[in-house]
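K.L.:
One structure, as structure tokens, below. Some questions next.
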Amino acid sequence: MTRLLTRTDLLELLDPAACVQALREGFAVAAQDALPGQRVRTDLPFPGTATALLPGLLPGTPAYTVKVNAKFPGASPALRGVICLHSGADGALLALIDSATVTAWRTGLAAALATDLLARPAADGADTVGVIGAGAQSELTLRGLRALRSWDRLVVHDTDPGRASAFARRHGGTVAATPAEVAAEADVVVLATWSREPLLHLADLRPGQHLTALGADEPGKRELAPDVLRSARLIVDDATLVATHGALANAGLPASMAAASLGEVIRGEAPARPHDRRLTVYAPVGLPWQDLALSWLAYQRAEAAGAGTALDLLA
């Protein structure tokens with residue numbers, strides 16, 4: 001039988017703390033996997049793109065995932081698709097899972113984990129958080145970050161002023177007119193946009209800040225100018241993919257610009273922040289094993305609770 005897990009099912013099954021822990025454990029062991037994940041993307045003769053991430057693999061997890069997404073910026077939600085969770089023993093299709101929810105959760109919560117590890121603590125002066133792009137990923141990043149650290153102030157910018165105001169009201173923040181204004185006020189900045197032009201340049205920033213940039217996850221999307229990436233201590237999820245699909249590729253910079261991966265930081269193989277005056281950036285593209293980490297967690301909980309809808313696709 002195949003278990004169908006909808007967005008509603010996932011929201012009942014998952015919680016940020018368990019997901020952050022699953023992602024932390026995944027970053028610690030993912031390097032042991034001998035089969036690297038692949039990311040395949042293509043333009044479409046429609047106003048969107050198609051992306052597939054496969055295979056999602058983690059040592060110790062007896063399953064793998066294949067994710068297929070459609071990204072249509074003008075749609076709501078902009079990302080739609082499905083994650084296929086297969087048994088590693090016989091290939092049985094264990095579950096069909098809403099990819100929009102899993103993608104938002106794994107991207108936002110991995111960003112929260114990285115931000116907490118790389119940014120200065122609030123006690124050391126990083127007491128203002130800024131958000132550029134008030135969408136679903138920023139929501140999940142703040143939810144996860146709130147469980148990991150505290151802050152005194154929040155400042156928000158979005159190209160839609162109404163969305164920025166609503167986000168600020170929900171999270172007790174204030175609205176900024178421009179991305180540069182967010183950077184001028186915030187010690188920690190989360191960017192989650194569709195921008196194809198840099199939103200922040202080095203002149204907008206100051207020593208000791210941390211930036212988490214989630215938007216440059218496919219060709220043509222840019223949130224940070226090349227001078228920021230050249231000057232900062234850059235942490236990524238996968239240097240090769242970031243140099244072919246992500247922030248480095250879109251800035252015309254090589255994989256060698258990345259100082260370390262987040263997995264290396266979590267395993268203690270690289271320092272998170274060498275000193276408090278260093279500008280740090282986390283710029284991921286998203287990896288297939290992250291889909292597996294949350295899909296497997298959701299599937300196990302669904303099996304225990306009898307959640308979702310059971311289908312016999314071979315009937």
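Residue numbering restarts at 1 for every chain of the structure tokens, chains are lettered A, B, ... in their displayed order, and ligands are numbered from 1 as they appear.
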Could you please write out, as a list in words, every residue of stretch 96-227 of chain A that DSSP assigns to strand (DSSP E or B)?
P.N.:
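Taking stretch 96-227 of chain A and keeping strand (DSSP E or B) gives Leu96, Ile97, Asp98, Thr128, Val129, Gly130, Val131, Ile132, Arg153, Leu154, Val155, Val156, His157, Thr174, Val175, Val188, Val189, Val190, Leu191, Leu200, His210, Leu211, Thr212, Ala213 and Leu224 of chain A.
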K.L.:
Excluding same-chain residues fewer than 5 positions from stretch 9-20 of chain A, what lies within 10 Å of it counting only C-alpha atoms, as a short mmCIF file (atom, residue, chain, number, x, y, z; two decimals) with all heavy atoms, in the first residue's frame?
P.N.:
data_model
loop_
_atom_site.label_atom_id
_atom_site.label_comp_id
_atom_site.auth_asym_id
_atom_site.auth_seq_id
_atom_site.Cartn_x
_atom_site.Cartn_y
_atom_site.Cartn_z
N LEU A 4 -0.83 8.28 1.07
CA LEU A 4 -0.92 9.63 0.53
C LEU A 4 -0.96 10.62 1.68
O LEU A 4 -1.87 10.56 2.53
CB LEU A 4 -2.18 9.76 -0.34
CG LEU A 4 -2.46 11.14 -0.94
CD1 LEU A 4 -1.38 11.52 -1.93
CD2 LEU A 4 -3.84 11.15 -1.60
N GLU A 25 20.94 15.89 12.31
CA GLU A 25 21.52 14.55 12.20
C GLU A 25 21.86 14.21 10.75
O GLU A 25 22.89 13.58 10.47
CB GLU A 25 20.54 13.53 12.77
CG GLU A 25 20.33 13.66 14.28
CD GLU A 25 19.20 12.78 14.79
OE1 GLU A 25 18.56 12.09 13.97
OE2 GLU A 25 18.96 12.78 16.02
N GLY A 26 21.03 14.67 9.83
CA GLY A 26 21.30 14.42 8.42
C GLY A 26 22.55 15.12 7.93
O GLY A 26 23.37 14.53 7.22
N ILE A 97 3.85 12.28 -1.16
CA ILE A 97 3.85 13.33 -0.15
C ILE A 97 3.85 14.69 -0.82
O ILE A 97 4.61 14.93 -1.78
CB ILE A 97 5.08 13.19 0.77
CG1 ILE A 97 5.10 11.79 1.40
CG2 ILE A 97 5.10 14.26 1.84
CD1 ILE A 97 6.39 11.48 2.15
N ASP A 98 3.03 15.60 -0.33
CA ASP A 98 3.01 16.97 -0.85
C ASP A 98 4.40 17.60 -0.73
O ASP A 98 4.93 17.74 0.38
CB ASP A 98 1.99 17.82 -0.07
CG ASP A 98 2.11 19.29 -0.38
OD1 ASP A 98 2.18 19.64 -1.58
OD2 ASP A 98 2.16 20.10 0.57
N THR A 101 4.94 21.48 1.02
CA THR A 101 5.07 21.58 2.48
C THR A 101 6.43 21.09 2.94
O THR A 101 7.11 21.75 3.73
CB THR A 101 3.96 20.77 3.17
OG1 THR A 101 2.68 21.24 2.72
CG2 THR A 101 4.05 20.90 4.69
N VAL A 102 6.85 19.92 2.45
CA VAL A 102 8.15 19.39 2.86
C VAL A 102 9.27 20.33 2.44
O VAL A 102 10.21 20.59 3.21
CB VAL A 102 8.38 17.98 2.26
CG1 VAL A 102 9.82 17.53 2.50
CG2 VAL A 102 7.41 16.98 2.88
N TRP A 105 9.34 23.38 4.72
CA TRP A 105 9.82 23.04 6.06
C TRP A 105 11.30 22.72 6.05
O TRP A 105 12.05 23.23 6.89
CB TRP A 105 9.01 21.86 6.61
CG TRP A 105 7.71 22.26 7.21
CD1 TRP A 105 6.68 22.90 6.57
CD2 TRP A 105 7.30 22.09 8.57
NE1 TRP A 105 5.65 23.12 7.45
CE2 TRP A 105 6.00 22.63 8.68
CE3 TRP A 105 7.88 21.50 9.69
CZ2 TRP A 105 5.28 22.61 9.88
CZ3 TRP A 105 7.18 21.48 10.88
CH2 TRP A 105 5.89 22.03 10.97
N ARG A 106 11.76 21.89 5.13
CA ARG A 106 13.17 21.52 5.17
C ARG A 106 14.06 22.70 4.80
O ARG A 106 15.14 22.87 5.37
CB ARG A 106 13.46 20.29 4.33
CG ARG A 106 13.19 20.39 2.83
CD ARG A 106 14.41 20.85 2.06
NE ARG A 106 14.46 20.29 0.74
CZ ARG A 106 15.06 20.88 -0.29
NH1 ARG A 106 15.58 22.10 -0.16
NH2 ARG A 106 15.10 20.29 -1.46
N GLY A 108 13.28 26.05 5.19
CA GLY A 108 13.22 27.05 6.26
C GLY A 108 13.89 26.60 7.54
O GLY A 108 14.59 27.38 8.20
N LEU A 109 13.70 25.33 7.91
CA LEU A 109 14.27 24.86 9.17
C LEU A 109 15.76 24.57 9.07
O LEU A 109 16.50 24.77 10.04
CB LEU A 109 13.50 23.64 9.66
CG LEU A 109 12.02 23.92 10.00
CD1 LEU A 109 11.31 22.65 10.41
CD2 LEU A 109 11.89 24.99 11.08
N ALA A 110 16.23 24.12 7.90
CA ALA A 110 17.67 24.01 7.71
C ALA A 110 18.31 25.39 7.75
O ALA A 110 19.42 25.56 8.28
CB ALA A 110 17.98 23.32 6.37
N ALA A 111 17.61 26.39 7.22
CA ALA A 111 18.11 27.76 7.29
C ALA A 111 18.17 28.25 8.72
O ALA A 111 19.11 28.96 9.12
CB ALA A 111 17.23 28.68 6.44
N ALA A 112 17.17 27.90 9.52
CA ALA A 112 17.18 28.29 10.93
C ALA A 112 18.35 27.66 11.65
O ALA A 112 19.05 28.32 12.44
CB ALA A 112 15.87 27.88 11.59
N LEU A 113 18.59 26.38 11.39
CA LEU A 113 19.71 25.68 12.01
C LEU A 113 21.03 26.35 11.64
O LEU A 113 21.87 26.63 12.51
CB LEU A 113 19.71 24.22 11.55
CG LEU A 113 20.88 23.34 11.97
CD1 LEU A 113 20.96 23.21 13.47
CD2 LEU A 113 20.75 21.96 11.31
N LEU A 140 8.83 29.73 8.10
CA LEU A 140 9.39 28.53 8.72
C LEU A 140 10.76 28.80 9.33
O LEU A 140 11.10 28.25 10.37
CB LEU A 140 9.48 27.42 7.68
CG LEU A 140 8.32 26.42 7.64
CD1 LEU A 140 8.18 25.69 8.96
CD2 LEU A 140 7.01 27.13 7.31
N THR A 141 11.56 29.66 8.67
CA THR A 141 12.87 29.99 9.23
C THR A 141 12.72 30.67 10.58
O THR A 141 13.43 30.32 11.54
CB THR A 141 13.66 30.88 8.27
OG1 THR A 141 13.81 30.21 7.01
CG2 THR A 141 15.04 31.20 8.82
N ARG A 143 10.14 30.46 12.63
CA ARG A 143 9.62 29.49 13.60
C ARG A 143 10.74 28.62 14.15
O ARG A 143 10.83 28.38 15.36
CB ARG A 143 8.56 28.60 12.94
CG ARG A 143 7.18 29.16 12.91
CD ARG A 143 6.18 28.15 12.36
NE ARG A 143 5.92 27.06 13.31
CZ ARG A 143 5.09 26.05 13.05
NH1 ARG A 143 4.49 25.98 11.87
NH2 ARG A 143 4.89 25.12 13.95
N GLY A 144 11.58 28.13 13.24
CA GLY A 144 12.69 27.30 13.70
C GLY A 144 13.71 28.08 14.49
O GLY A 144 14.23 27.60 15.52
N LEU A 145 13.99 29.30 14.06
CA LEU A 145 15.00 30.11 14.74
C LEU A 145 14.54 30.50 16.14
O LEU A 145 15.35 30.58 17.07
CB LEU A 145 15.30 31.35 13.90
CG LEU A 145 16.57 32.13 14.24
CD1 LEU A 145 17.80 31.26 14.14
CD2 LEU A 145 16.70 33.35 13.32
N ALA A 147 12.92 28.75 18.15
CA ALA A 147 13.16 27.62 19.05
C ALA A 147 14.63 27.47 19.41
O ALA A 147 14.96 26.74 20.35
CB ALA A 147 12.65 26.33 18.41
N LEU A 148 15.52 28.14 18.66
CA LEU A 148 16.96 27.99 18.86
C LEU A 148 17.61 29.19 19.54
O LEU A 148 18.65 29.04 20.18
CB LEU A 148 17.64 27.74 17.51
CG LEU A 148 17.23 26.46 16.78
CD1 LEU A 148 17.78 26.47 15.35
CD2 LEU A 148 17.73 25.24 17.53
N GLN A 290 17.63 16.03 2.29
CA GLN A 290 16.78 16.80 3.21
C GLN A 290 15.31 16.45 3.03
O GLN A 290 14.54 16.42 3.99
CB GLN A 290 17.02 18.29 2.98
CG GLN A 290 18.44 18.73 3.31
CD GLN A 290 18.72 20.15 2.85
OE1 GLN A 290 18.01 20.72 2.02
NE2 GLN A 290 19.78 20.73 3.39
N ALA A 293 14.87 13.16 4.86
CA ALA A 293 14.89 13.28 6.32
C ALA A 293 13.49 13.62 6.86
O ALA A 293 13.01 12.99 7.81
CB ALA A 293 15.90 14.35 6.74
N LEU A 294 12.81 14.58 6.23
CA LEU A 294 11.49 14.97 6.72
C LEU A 294 10.40 14.02 6.23
O LEU A 294 9.43 13.76 6.95
CB LEU A 294 11.19 16.41 6.33
CG LEU A 294 11.58 17.46 7.38
CD1 LEU A 294 13.06 17.38 7.72
CD2 LEU A 294 11.19 18.86 6.94
N SER A 295 10.55 13.48 5.01
CA SER A 295 9.55 12.55 4.49
C SER A 295 9.54 11.26 5.31
O SER A 295 8.46 10.70 5.61
CB SER A 295 9.84 12.22 3.02
OG SER A 295 9.69 13.37 2.22
N LEU A 297 10.49 10.94 8.45
CA LEU A 297 9.91 11.27 9.75
C LEU A 297 8.38 11.30 9.66
O LEU A 297 7.68 10.72 10.51
CB LEU A 297 10.45 12.63 10.22
CG LEU A 297 9.86 13.18 11.52
CD1 LEU A 297 10.18 12.28 12.70
CD2 LEU A 297 10.40 14.60 11.77
N ALA A 298 7.86 11.98 8.62
CA ALA A 298 6.41 12.06 8.45
C ALA A 298 5.80 10.68 8.20
O ALA A 298 4.74 10.35 8.75
CB ALA A 298 6.07 13.00 7.30
N TYR A 299 6.46 9.87 7.38
CA TYR A 299 5.93 8.54 7.06
C TYR A 299 5.88 7.65 8.30
O TYR A 299 4.87 6.95 8.54
CB TYR A 299 6.80 7.90 5.98
CG TYR A 299 6.44 6.46 5.69
CD1 TYR A 299 5.27 6.14 5.01
CD2 TYR A 299 7.27 5.42 6.11
CE1 TYR A 299 4.93 4.82 4.75
CE2 TYR A 299 6.95 4.10 5.85
CZ TYR A 299 5.78 3.80 5.17
OH TYR A 299 5.44 2.50 4.92
N GLN A 300 6.95 7.66 9.09
CA GLN A 300 6.95 6.84 10.30
C GLN A 300 5.84 7.24 11.25
O GLN A 300 5.15 6.40 11.84
CB GLN A 300 8.31 6.94 11.00
CG GLN A 300 9.43 6.22 10.27
CD GLN A 300 10.73 6.28 11.05
OE1 GLN A 300 11.23 7.37 11.37
NE2 GLN A 300 11.27 5.12 11.38
N ARG A 301 5.65 8.56 11.40
CA ARG A 301 4.58 9.03 12.29
C ARG A 301 3.21 8.70 11.71
O ARG A 301 2.27 8.37 12.46
CB ARG A 301 4.75 10.53 12.53
CG ARG A 301 5.96 10.88 13.39
CD ARG A 301 6.04 12.35 13.70
NE ARG A 301 7.06 12.61 14.73
CZ ARG A 301 7.27 13.81 15.28
NH1 ARG A 301 6.55 14.86 14.90
NH2 ARG A 301 8.21 13.95 16.21
N ALA A 302 3.07 8.80 10.39
CA ALA A 302 1.80 8.47 9.75
C ALA A 302 1.47 6.99 9.92
O ALA A 302 0.31 6.62 10.17
CB ALA A 302 1.84 8.84 8.27
N ALA A 305 0.29 6.42 13.46
CA ALA A 305 -1.00 7.04 13.78
C ALA A 305 -2.12 6.64 12.82
O ALA A 305 -3.28 6.99 13.04
CB ALA A 305 -0.85 8.56 13.77
N ALA A 307 -2.35 7.83 9.84
CA ALA A 307 -2.73 9.10 9.21
C ALA A 307 -2.61 9.00 7.69
O ALA A 307 -1.93 8.12 7.15
CB ALA A 307 -1.83 10.22 9.73
N GLY A 308 -3.24 9.93 7.01
CA GLY A 308 -3.20 9.95 5.56
C GLY A 308 -4.20 8.98 4.96
O GLY A 308 -5.07 8.43 5.64
N THR A 309 -4.06 8.76 3.65
CA THR A 309 -4.96 7.87 2.92
C THR A 309 -4.15 6.74 2.30
O THR A 309 -3.15 7.00 1.61
CB THR A 309 -5.69 8.64 1.80
OG1 THR A 309 -6.41 9.73 2.39
CG2 THR A 309 -6.64 7.73 1.05
#
K.L.:
I need the residue nearest A:Gly88 from this list: A:Ala114, A:Gly74, A:Leu58, A:Asp291. Use only C-alpha atoms for the distance.
P.N.:
A:Leu58
K.L.:
Have a look at atom CA of A:Ala52 and atom CA of A:Glu139 and let me know their distance in Å, one decimal.
P.N.:
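Computing the Euclidean distance for atom CA of A:Ala52 and atom CA of A:Glu139 yields 24.2 Å.
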K.L.:
Hey, which of A:Leu224, A:Leu214, A:Ala28, A:Leu94 ends up closest to A:Ala183? Count only C-alpha atoms.
P.N.:
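The answer is A:Leu224, which sits nearest to A:Ala183.
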K.L.:
With only C-alpha atoms as the counted atoms, please give the residues lying no more than 12 Å from A:Gln32, apart from itself and same-chain residues fewer than 4 positions off, as an MDAnalysis selection string.
P.N.:
chainID A and resid 26:28 36 57:60 263:264 267 289
K.L.:
How about saving the chosen residues, N, CA, C and O atoms kept, as a CSV table (one decimal), in the first residue's frame?
P.N.:
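part.csv was written with the following content:
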chain,number,residue,atom,x,y,z
A,26,GLY,N,21.0,14.7,9.8
A,26,GLY,CA,21.3,14.4,8.4
A,26,GLY,C,22.6,15.1,7.9
A,26,GLY,O,23.4,14.5,7.2
A,27,PHE,N,22.7,16.4,8.3
A,27,PHE,CA,23.9,17.1,7.9
A,27,PHE,C,25.2,16.4,8.5
A,27,PHE,O,26.3,16.4,7.9
A,28,ALA,N,25.1,15.8,9.7
A,28,ALA,CA,26.2,15.2,10.3
A,28,ALA,C,26.7,13.9,9.6
A,28,ALA,O,27.8,13.6,9.6
A,36,PRO,N,26.1,10.8,-4.6
A,36,PRO,CA,25.7,12.2,-4.5
A,36,PRO,C,24.4,12.4,-5.1
A,36,PRO,O,24.0,11.8,-6.0
A,57,LEU,N,19.0,10.2,-0.1
A,57,LEU,CA,19.6,9.1,0.6
A,57,LEU,C,20.2,9.5,1.9
A,57,LEU,O,20.9,10.6,1.9
A,58,LEU,N,20.1,8.8,2.9
A,58,LEU,CA,20.8,9.0,4.2
A,58,LEU,C,21.3,7.7,4.8
A,58,LEU,O,20.5,6.7,4.8
A,59,PRO,N,22.5,7.6,5.2
A,59,PRO,CA,23.0,6.4,5.9
A,59,PRO,C,22.0,6.0,7.1
A,59,PRO,O,21.7,6.9,7.8
A,60,GLY,N,21.6,4.8,7.1
A,60,GLY,CA,20.8,4.3,8.2
A,60,GLY,C,19.3,4.4,7.9
A,60,GLY,O,18.5,3.9,8.7
A,263,GLY,N,27.5,20.8,6.8
A,263,GLY,CA,27.9,19.5,7.4
A,263,GLY,C,29.2,19.5,8.1
A,263,GLY,O,29.4,19.0,9.2
A,264,GLU,N,30.2,20.1,7.5
A,264,GLU,CA,31.5,20.2,8.1
A,264,GLU,C,31.5,21.0,9.4
A,264,GLU,O,32.2,20.7,10.3
A,267,ARG,N,29.8,18.8,12.0
A,267,ARG,CA,30.7,17.7,12.5
A,267,ARG,C,32.0,18.2,13.2
A,267,ARG,O,32.8,17.4,13.6
A,289,TRP,N,18.7,14.7,0.2
A,289,TRP,CA,18.6,13.9,1.4
A,289,TRP,C,17.7,14.7,2.4
A,289,TRP,O,17.1,14.1,3.3
K.L.:
Quick one: residues within 7 Å of A:Gly37, only C-alpha atoms counted, chain neighbours fewer than 5 positions away excluded, as an mmCIF file with N, CA, C and O atoms, in the first residue's frame?
P.N.:
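Generated file (selection.cif):
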data_model
loop_
_atom_site.group_PDB
_atom_site.id
_atom_site.type_symbol
_atom_site.label_atom_id
_atom_site.label_comp_id
_atom_site.auth_asym_id
_atom_site.auth_seq_id
_atom_site.Cartn_x
_atom_site.Cartn_y
_atom_site.Cartn_z
ATOM 1 N N LEU A 54 16.981 13.917 -6.886
ATOM 2 C CA LEU A 54 17.040 12.486 -6.671
ATOM 3 C C LEU A 54 18.493 12.005 -6.608
ATOM 4 O O LEU A 54 19.355 12.717 -7.102
ATOM 5 N N PRO A 55 18.764 10.856 -6.013
ATOM 6 C CA PRO A 55 17.890 10.233 -5.025
ATOM 7 C C PRO A 55 18.170 10.829 -3.658
ATOM 8 O O PRO A 55 19.309 11.170 -3.339
ATOM 9 N N GLY A 56 17.142 10.982 -2.842
ATOM 10 C CA GLY A 56 17.352 11.384 -1.458
ATOM 11 C C GLY A 56 17.777 10.182 -0.650
ATOM 12 O O GLY A 56 17.017 9.221 -0.509
ATOM 13 N N LEU A 287 19.188 20.032 -0.806
ATOM 14 C CA LEU A 287 19.731 18.735 -1.196
ATOM 15 C C LEU A 287 18.666 17.639 -1.077
ATOM 16 O O LEU A 287 17.791 17.700 -0.199
ATOM 17 N N PRO A 288 18.750 16.617 -1.948
ATOM 18 C CA PRO A 288 17.732 15.559 -1.927
ATOM 19 C C PRO A 288 17.583 14.859 -0.582
ATOM 20 O O PRO A 288 16.472 14.478 -0.210
#
K.L.:
Atom CA of A:Ala213 and atom CA of A:Asp276, how far apart in Å?
P.N.:
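Straight-line distance from atom CA of A:Asp276 to atom CA of A:Ala213 works out to 19.7 Å.
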